[in-house]
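Next comes run_28.pdb, a file with PDB, C-alpha atoms and all ligand atoms.
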ATOM      1  CA  MET A 885     -66.044  16.783   7.678  1.00  0.00           C
ATOM      2  CA  GLU A 886     -63.793  13.990   6.488  1.00  0.00           C
ATOM      3  CA  ARG A 887     -61.181  12.750   8.947  1.00  0.00           C
ATOM      4  CA  VAL A 888     -58.227  10.421   8.696  1.00  0.00           C
ATOM      5  CA  SER A 889     -58.425   6.905  10.134  1.00  0.00           C
ATOM      6  CA  PHE A 890     -55.171   6.987  12.108  1.00  0.00           C
ATOM      7  CA  SER A 891     -54.126   8.173  15.522  1.00  0.00           C
ATOM      8  CA  SER A 892     -50.418   7.715  14.776  1.00  0.00           C
ATOM      9  CA  MET A 893     -49.010   8.862  11.454  1.00  0.00           C
ATOM     10  CA  GLU A 894     -47.158   5.583  10.953  1.00  0.00           C
ATOM     11  CA  ASP A 895     -50.548   3.821  10.669  1.00  0.00           C
ATOM     12  CA  GLY A 896     -51.848   6.202   7.977  1.00  0.00           C
ATOM     13  CA  THR A 897     -53.069   4.867   4.635  1.00  0.00           C
ATOM     14  CA  LYS A 898     -52.575   6.352   1.187  1.00  0.00           C
ATOM     15  CA  ALA A 899     -56.204   7.529   1.294  1.00  0.00           C
ATOM     16  CA  ASP A 900     -55.557   9.241   4.619  1.00  0.00           C
ATOM     17  CA  PHE A 901     -52.661  11.231   3.253  1.00  0.00           C
ATOM     18  CA  GLU A 902     -54.549  12.149   0.109  1.00  0.00           C
ATOM     19  CA  LEU A 903     -57.326  13.464   2.318  1.00  0.00           C
ATOM     20  CA  LEU A 904     -54.790  15.524   4.271  1.00  0.00           C
ATOM     21  CA  GLU A 905     -53.333  16.912   1.080  1.00  0.00           C
ATOM     22  CA  ARG A 906     -56.766  18.089  -0.074  1.00  0.00           C
ATOM     23  CA  ALA A 907     -57.460  19.669   3.295  1.00  0.00           C
ATOM     24  CA  GLU A 908     -54.059  21.373   3.318  1.00  0.00           C
ATOM     25  CA  ARG A 909     -54.621  22.825  -0.158  1.00  0.00           C
ATOM     26  CA  GLU A 910     -57.890  24.362   1.051  1.00  0.00           C
ATOM     27  CA  TYR A 911     -56.215  25.701   4.179  1.00  0.00           C
ATOM     28  CA  LEU A 912     -53.412  27.259   2.121  1.00  0.00           C
ATOM     29  CA  ARG A 913     -55.929  29.126   0.014  1.00  0.00           C
ATOM     30  CA  ASP A 914     -56.980  31.033   3.125  1.00  0.00           C
ATOM     31  CA  LEU A 915     -53.474  32.205   4.012  1.00  0.00           C
ATOM     32  CA  PRO A 916     -54.025  35.755   2.659  1.00  0.00           C
ATOM     33  CA  ALA A 917     -57.162  36.047   4.796  1.00  0.00           C
ATOM     34  CA  ARG A 918     -55.247  34.852   7.874  1.00  0.00           C
ATOM     35  CA  LEU A 919     -52.453  37.346   7.220  1.00  0.00           C
ATOM     36  CA  LEU A 920     -54.926  40.205   6.830  1.00  0.00           C
ATOM     37  CA  ALA A 921     -56.793  39.136   9.976  1.00  0.00           C
ATOM     38  CA  THR A 922     -53.512  39.125  11.901  1.00  0.00           C
ATOM     39  CA  LEU A 923     -52.801  42.633  10.634  1.00  0.00           C
ATOM     40  CA  GLU A 924     -56.282  43.788  11.671  1.00  0.00           C
ATOM     41  CA  GLY A 925     -55.526  42.365  15.100  1.00  0.00           C
ATOM     42  CA  LEU A 926     -52.903  45.113  15.545  1.00  0.00           C
ATOM     43  CA  LYS A 927     -55.494  47.905  15.466  1.00  0.00           C
ATOM     44  CA  ASN A 928     -55.345  48.385  19.213  1.00  0.00           C
ATOM     45  CA  SER A 929     -51.651  47.705  19.563  1.00  0.00           C
ATOM     46  CA  PHE A 930     -49.997  51.074  20.275  1.00  0.00           C
ATOM     47  CA  ALA A 931     -47.166  50.138  22.663  1.00  0.00           C
ATOM     48  CA  GLY A 932     -46.628  53.836  23.404  1.00  0.00           C
ATOM     49  CA  TYR A 933     -46.503  55.086  19.822  1.00  0.00           C
ATOM     50  CA  GLN A 934     -48.878  57.744  18.478  1.00  0.00           C
ATOM     51  CA  VAL A 935     -50.165  55.322  15.869  1.00  0.00           C
ATOM     52  CA  SER A 936     -51.200  51.693  16.202  1.00  0.00           C
ATOM     53  CA  ARG A 937     -49.117  48.964  14.632  1.00  0.00           C
ATOM     54  CA  TYR A 938     -51.964  48.592  12.130  1.00  0.00           C
ATOM     55  CA  GLN A 939     -51.710  52.270  11.144  1.00  0.00           C
ATOM     56  CA  HIS A 940     -47.918  52.006  11.022  1.00  0.00           C
ATOM     57  CA  SER A 941     -48.263  49.098   8.605  1.00  0.00           C
ATOM     58  CA  LEU A 942     -50.742  50.910   6.360  1.00  0.00           C
ATOM     59  CA  GLN A 943     -48.499  53.961   6.353  1.00  0.00           C
ATOM     60  CA  SER A 944     -45.518  51.887   5.320  1.00  0.00           C
ATOM     61  CA  ALA A 945     -47.449  50.144   2.543  1.00  0.00           C
ATOM     62  CA  THR A 946     -49.030  53.391   1.328  1.00  0.00           C
ATOM     63  CA  ARG A 947     -45.652  55.086   0.958  1.00  0.00           C
ATOM     64  CA  ALA A 948     -44.215  52.046  -0.829  1.00  0.00           C
ATOM     65  CA  LYS A 949     -47.185  51.871  -3.202  1.00  0.00           C
ATOM     66  CA  ARG A 950     -47.013  55.597  -3.970  1.00  0.00           C
ATOM     67  CA  ASP A 951     -43.326  55.187  -4.799  1.00  0.00           C
ATOM     68  CA  GLY A 952     -44.233  52.565  -7.384  1.00  0.00           C
ATOM     69  CA  ARG A 953     -42.703  49.601  -5.552  1.00  0.00           C
ATOM     70  CA  SER A 954     -43.547  46.086  -6.718  1.00  0.00           C
ATOM     71  CA  GLU A 955     -46.543  44.216  -5.337  1.00  0.00           C
ATOM     72  CA  GLU A 956     -44.248  41.929  -3.361  1.00  0.00           C
ATOM     73  CA  TYR A 957     -42.501  44.915  -1.834  1.00  0.00           C
ATOM     74  CA  VAL A 958     -45.768  46.614  -0.924  1.00  0.00           C
ATOM     75  CA  ALA A 959     -47.084  43.383   0.605  1.00  0.00           C
ATOM     76  CA  ALA A 960     -43.880  43.104   2.638  1.00  0.00           C
ATOM     77  CA  ALA A 961     -44.188  46.710   3.800  1.00  0.00           C
ATOM     78  CA  LEU A 962     -47.761  46.028   4.870  1.00  0.00           C
ATOM     79  CA  LEU A 963     -46.923  42.867   6.795  1.00  0.00           C
ATOM     80  CA  HIS A 964     -43.369  43.539   8.028  1.00  0.00           C
ATOM     81  CA  ASP A 965     -44.431  43.925  11.666  1.00  0.00           C
ATOM     82  CA  ILE A 966     -47.154  41.283  12.023  1.00  0.00           C
ATOM     83  CA  GLY A 967     -44.765  39.277  14.204  1.00  0.00           C
ATOM     84  CA  ASP A 968     -44.369  42.102  16.712  1.00  0.00           C
ATOM     85  CA  GLU A 969     -46.727  40.706  19.316  1.00  0.00           C
ATOM     86  CA  LEU A 970     -45.631  37.079  19.162  1.00  0.00           C
ATOM     87  CA  ALA A 971     -41.907  37.510  18.558  1.00  0.00           C
ATOM     88  CA  PRO A 972     -40.834  40.727  20.319  1.00  0.00           C
ATOM     89  CA  TYR A 973     -37.111  39.987  19.899  1.00  0.00           C
ATOM     90  CA  THR A 974     -37.219  38.194  16.551  1.00  0.00           C
ATOM     91  CA  HIS A 975     -40.224  39.579  14.671  1.00  0.00           C
ATOM     92  CA  GLY A 976     -38.250  40.248  11.497  1.00  0.00           C
ATOM     93  CA  GLU A 977     -37.124  36.628  11.305  1.00  0.00           C
ATOM     94  CA  MET A 978     -40.633  35.398  12.019  1.00  0.00           C
ATOM     95  CA  VAL A 979     -42.237  37.477   9.278  1.00  0.00           C
ATOM     96  CA  ALA A 980     -39.450  36.709   6.800  1.00  0.00           C
ATOM     97  CA  ALA A 981     -40.069  33.006   7.408  1.00  0.00           C
ATOM     98  CA  ILE A 982     -43.751  33.472   6.589  1.00  0.00           C
ATOM     99  CA  MET A 983     -42.926  35.420   3.429  1.00  0.00           C
ATOM    100  CA  ARG A 984     -40.048  33.340   2.080  1.00  0.00           C
ATOM    101  CA  PRO A 985     -42.075  31.012  -0.209  1.00  0.00           C
ATOM    102  CA  TYR A 986     -44.043  33.949  -1.660  1.00  0.00           C
ATOM    103  CA  ILE A 987     -41.749  36.962  -1.825  1.00  0.00           C
ATOM    104  CA  ALA A 988     -38.384  37.532  -3.516  1.00  0.00           C
ATOM    105  CA  PRO A 989     -35.293  36.721  -1.415  1.00  0.00           C
ATOM    106  CA  GLU A 990     -34.005  40.306  -1.289  1.00  0.00           C
ATOM    107  CA  ILE A 991     -37.270  41.591   0.144  1.00  0.00           C
ATOM    108  CA  CYS A 992     -37.329  38.773   2.707  1.00  0.00           C
ATOM    109  CA  TRP A 993     -33.783  39.720   3.701  1.00  0.00           C
ATOM    110  CA  ILE A 994     -34.920  43.290   4.223  1.00  0.00           C
ATOM    111  CA  VAL A 995     -37.794  42.178   6.438  1.00  0.00           C
ATOM    112  CA  GLU A 996     -35.582  39.768   8.364  1.00  0.00           C
ATOM    113  CA  HIS A 997     -32.999  42.444   9.172  1.00  0.00           C
ATOM    114  CA  HIS A 998     -35.083  45.610   9.396  1.00  0.00           C
ATOM    115  CA  GLY A 999     -34.913  45.692  13.198  1.00  0.00           C
ATOM    116  CA  ILE A1000     -31.158  46.040  13.393  1.00  0.00           C
ATOM    117  CA  PHE A1001     -31.081  48.499  10.487  1.00  0.00           C
ATOM    118  CA  GLN A1002     -33.801  50.579  12.121  1.00  0.00           C
ATOM    119  CA  GLN A1003     -31.494  51.148  15.079  1.00  0.00           C
ATOM    120  CA  PHE A1004     -29.511  53.515  12.866  1.00  0.00           C
ATOM    121  CA  HIS A1005     -32.345  56.023  13.231  1.00  0.00           C
ATOM    122  CA  TYR A1006     -32.673  56.077  17.012  1.00  0.00           C
ATOM    123  CA  GLY A1007     -29.683  54.303  18.545  1.00  0.00           C
ATOM    124  CA  ALA A1008     -27.796  57.510  19.327  1.00  0.00           C
ATOM    125  CA  VAL A1009     -30.654  58.560  21.606  1.00  0.00           C
ATOM    126  CA  THR A1010     -31.348  55.234  23.307  1.00  0.00           C
ATOM    127  CA  GLY A1011     -27.768  54.099  23.707  1.00  0.00           C
ATOM    128  CA  ASP A1012     -28.201  51.249  21.236  1.00  0.00           C
ATOM    129  CA  ASP A1013     -25.479  51.009  18.614  1.00  0.00           C
ATOM    130  CA  PRO A1014     -26.654  52.961  15.542  1.00  0.00           C
ATOM    131  CA  ASP A1015     -24.014  51.179  13.509  1.00  0.00           C
ATOM    132  CA  ALA A1016     -25.052  47.672  14.490  1.00  0.00           C
ATOM    133  CA  ARG A1017     -26.129  47.217  10.865  1.00  0.00           C
ATOM    134  CA  GLU A1018     -22.500  47.628   9.752  1.00  0.00           C
ATOM    135  CA  ARG A1019     -21.902  43.917  10.273  1.00  0.00           C
ATOM    136  CA  TYR A1020     -23.940  43.450   7.076  1.00  0.00           C
ATOM    137  CA  ARG A1021     -22.175  46.202   5.092  1.00  0.00           C
ATOM    138  CA  GLU A1022     -20.907  43.774   2.469  1.00  0.00           C
ATOM    139  CA  HIS A1023     -24.273  42.101   1.960  1.00  0.00           C
ATOM    140  CA  PRO A1024     -25.800  42.803  -1.478  1.00  0.00           C
ATOM    141  CA  SER A1025     -29.099  43.855   0.160  1.00  0.00           C
ATOM    142  CA  PHE A1026     -27.517  46.264   2.669  1.00  0.00           C
ATOM    143  CA  ASP A1027     -28.533  49.406   0.797  1.00  0.00           C
ATOM    144  CA  ALA A1028     -32.025  48.094   0.090  1.00  0.00           C
ATOM    145  CA  CYS A1029     -32.602  47.377   3.762  1.00  0.00           C
ATOM    146  CA  ALA A1030     -31.247  50.773   4.806  1.00  0.00           C
ATOM    147  CA  GLU A1031     -33.562  52.363   2.256  1.00  0.00           C
ATOM    148  CA  PHE A1032     -36.586  50.427   3.512  1.00  0.00           C
ATOM    149  CA  CYS A1033     -36.011  51.634   7.071  1.00  0.00           C
ATOM    150  CA  ALA A1034     -35.405  55.239   5.997  1.00  0.00           C
ATOM    151  CA  LEU A1035     -38.372  55.527   3.638  1.00  0.00           C
ATOM    152  CA  TYR A1036     -40.944  53.004   4.841  1.00  0.00           C
ATOM    153  CA  ASP A1037     -40.376  52.241   8.497  1.00  0.00           C
ATOM    154  CA  GLN A1038     -38.698  54.773  10.834  1.00  0.00           C
ATOM    155  CA  ASN A1039     -40.861  57.592   9.418  1.00  0.00           C
ATOM    156  CA  CYS A1040     -44.190  55.722   9.516  1.00  0.00           C
ATOM    157  CA  PHE A1041     -45.380  56.780  12.961  1.00  0.00           C
ATOM    158  CA  ASP A1042     -47.139  59.949  11.840  1.00  0.00           C
ATOM    159  CA  PRO A1043     -50.682  60.336  13.214  1.00  0.00           C
ATOM    160  CA  ALA A1044     -51.459  62.991  10.577  1.00  0.00           C
ATOM    161  CA  PHE A1045     -50.516  60.778   7.621  1.00  0.00           C
ATOM    162  CA  GLU A1046     -53.423  59.744   5.410  1.00  0.00           C
ATOM    163  CA  SER A1047     -52.943  56.119   4.539  1.00  0.00           C
ATOM    164  CA  LEU A1048     -54.791  54.245   1.858  1.00  0.00           C
ATOM    165  CA  PRO A1049     -57.456  51.928   3.307  1.00  0.00           C
ATOM    166  CA  ILE A1050     -56.756  48.231   3.770  1.00  0.00           C
ATOM    167  CA  GLY A1051     -59.086  47.511   0.834  1.00  0.00           C
ATOM    168  CA  GLU A1052     -56.422  48.991  -1.450  1.00  0.00           C
ATOM    169  CA  PHE A1053     -53.975  46.307  -0.355  1.00  0.00           C
ATOM    170  CA  ALA A1054     -56.089  43.209   0.223  1.00  0.00           C
ATOM    171  CA  PRO A1055     -56.161  42.197  -3.484  1.00  0.00           C
ATOM    172  CA  LEU A1056     -52.394  42.381  -3.812  1.00  0.00           C
ATOM    173  CA  VAL A1057     -51.904  40.387  -0.617  1.00  0.00           C
ATOM    174  CA  ARG A1058     -54.204  37.747  -2.135  1.00  0.00           C
ATOM    175  CA  ARG A1059     -52.199  37.746  -5.370  1.00  0.00           C
ATOM    176  CA  VAL A1060     -48.769  37.631  -3.744  1.00  0.00           C
ATOM    177  CA  PHE A1061     -49.711  34.857  -1.312  1.00  0.00           C
ATOM    178  CA  SER A1062     -51.646  32.770  -3.833  1.00  0.00           C
ATOM    179  CA  GLU A1063     -48.620  30.923  -5.206  1.00  0.00           C
ATOM    180  CA  PRO A1064     -45.385  29.852  -3.429  1.00  0.00           C
ATOM    181  CA  ARG A1065     -43.199  31.083  -6.316  1.00  0.00           C
ATOM    182  CA  TYR A1066     -39.987  31.002  -4.260  1.00  0.00           C
ATOM    183  CA  LEU A1067     -40.560  27.728  -2.433  1.00  0.00           C
ATOM    184  CA  SER A1068     -37.447  26.143  -3.923  1.00  0.00           C
ATOM    185  CA  ALA A1069     -35.351  29.319  -3.821  1.00  0.00           C
ATOM    186  CA  GLY A1070     -33.722  28.095  -0.604  1.00  0.00           C
TER     187      GLY A1070
HETATM  188 FE    FE B   1     -40.346  46.051  12.919  1.00  0.00          FE
HETATM  189 FE    FE B   2     -42.091  48.789  11.335  1.00  0.00          FE
END
Write the structure described by the file as structure tokens, please.
Amino acid sequence: MERVSFSSMEDGTKADFELLERAEREYLRDLPARLLATLEGLKNSFAGYQVSRYQHSLQSATRAKRDGRSEEYVAAALLHDIGDELAPYTHGEMVAAIMRPYIAPEICWIVEHHGIFQQFHYGAVTGDDPDARERYREHPSFDACAEFCALYDQNCFDPAFESLPIGEFAPLVRRVFSEPRYLSAG
């Protein structure tokens, strides 16, 4: 495999950086595969729930697909919790950061904030503030995020639910993450 000539970036040549650009382009092409592999890695992650995080994700994506949501939305539903194991307190932000170049800003906002909105559905029992989401009441994506949690998150822990197989979603993940359409969206 080709390698650059430098050990410090400040010594790199034009050819070195062109080589890196080629390598990076190849690496980017495999992003969908890395995302799907990360999702598969959640198959044994139950954390006390009746379904694994993998099953939870498939359930979320299946419901979104059946409701006719866009490919970006379904991809977001499928991947919204892939940060759970690495970012237990900030997984929404982590996954939104991954999605931002590829998925519309409103959907990224939903993913980023779904944790605090989810609290609405269980906070009264746990002692967490169910209305913590109210701080975002004036945000244009407030209702969309509330809807995501109600329809595609808080209810997706059902062991009897028959989800579509991952094969149904892999092609759309490849399509959505093939092009950074929102890279300059800020
Ligand atoms: Fe989550
Ligand atoms: Fe979730």
Exercise. Within 8 Å of ligand FE 2 (chain B), counting only C-alpha atoms and all ligand atoms: which residues, as a ChimeraX atom specification?
Worked result: /A:937,940-941,944,964-965,998,1033,1036-1038,1040
For this session: Skip Tyr933 (chain A) itself and residues of its chain fewer than 5 positions away, then list as a VMD selection string all residues within 10 Å of it, counting all atoms listed in the file.
Result: chain A and resid 940 1041 to 1043
For this session: Rank nothing, just name the residue among A:Gly1051, A:Gly1011, A:Gly976, A:Pro1024 nearest to ligand FE 1 (chain B), using only C-alpha atoms and all ligand atoms.
Result: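 Between A:Gly1051, A:Gly1011, A:Gly976, A:Pro1024, the residue approaching ligand FE 1 (chain B) most closely is A:Gly976.
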Exercise. Which residues fall under the PyMOL selection byres (((chain A and resi 980) around 12) and not hetatm) in this file, as a PyMOL selection string?
Worked result: chain A and resi 959-961+963-967+974-979+981-999
Exercise. In Å, how far is it from CA of Asp1013 (chain A) to CA of Ile1000 (chain A)?
Worked result: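 Rounded to one decimal, the two atoms are 9.2 Å apart.
Rounded to one decimal, CA of Glu1031 (chain A) and CA of Asn928 (chain A) lie 27.9 Å from each other.
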Exercise. Out of A:Gln1003, A:Ala1016, A:Ser1025, A:Glu1052, which residue has the shortest atom-to-atom distance to ligand FE 1 (chain B) when counting only C-alpha atoms and all ligand atoms?
Worked result: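 Between A:Gln1003, A:Ala1016, A:Ser1025, A:Glu1052, the residue approaching ligand FE 1 (chain B) most closely is A:Gln1003.
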For this session: Identify which of the residues A:Lys898, A:Val1009, A:Val888, A:Tyr938 lies closest to ligand FE 1 (chain B), counting only C-alpha atoms and all ligand atoms when measuring atom-to-atom distances.
Result: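 Among the listed residues, the smallest separation from ligand FE 1 (chain B) belongs to A:Tyr938.
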Exercise. Nearest to ligand FE 1 (chain B): which of A:Asp968, A:Glu924, A:Glu908, A:Glu955 is it, counting all atoms listed in the file?
Worked result: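 So, comparing all the options, the nearest one is A:Asp968.
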Exercise. What does the distance between CA of Arg1017 (chain A) and CA of Phe1001 (chain A) come to in Å, to one decimal place?
Worked result: 5.1 Å
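Take the candidates A:Tyr1066, A:Glu1018, A:Asp895, A:Ile1050 and check each one against Lys927 (chain A) using only C-alpha atoms; the shortest distance goes to A:Ile1050.
Compared by their closest atoms to ligand FE 1 (chain B), and using all atoms listed in the file, the residues A:Tyr973, A:Phe1053, A:Tyr1020, A:Phe890 rank with A:Tyr973 nearest.
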Size and centre in Å, one decimal, axis-aligned box, all listed region 997-1012 of chain A atoms plus 5 Å per side, as JSON:
{"center_x": -31.4, "center_y": 50.5, "center_z": 16.4, "size_x": 17.3, "size_y": 26.1, "size_z": 24.5}
Exercise. Written as a list in words, which residues does the PyMOL selection byres (((chain A and resi 1063) around 10) and not hetatm) give for the file shown?
Worked result: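 So the PyMOL selection byres (((chain A and resi 1063) around 10) and not hetatm) ends up selecting Leu912, Arg913, Pro985, Tyr986, Ile987, Arg1058, Arg1059, Val1060, Phe1061, Ser1062, Pro1064, Arg1065, Tyr1066 and Leu1067 of chain A.
The protein and nucleic acid residues lying at most 8 Å from Leu1048 (chain A) are Leu942, Gln943, Thr946 and Glu1052 of chain A, with all atoms listed in the file considered and sequence neighbours fewer than 4 positions away removed.
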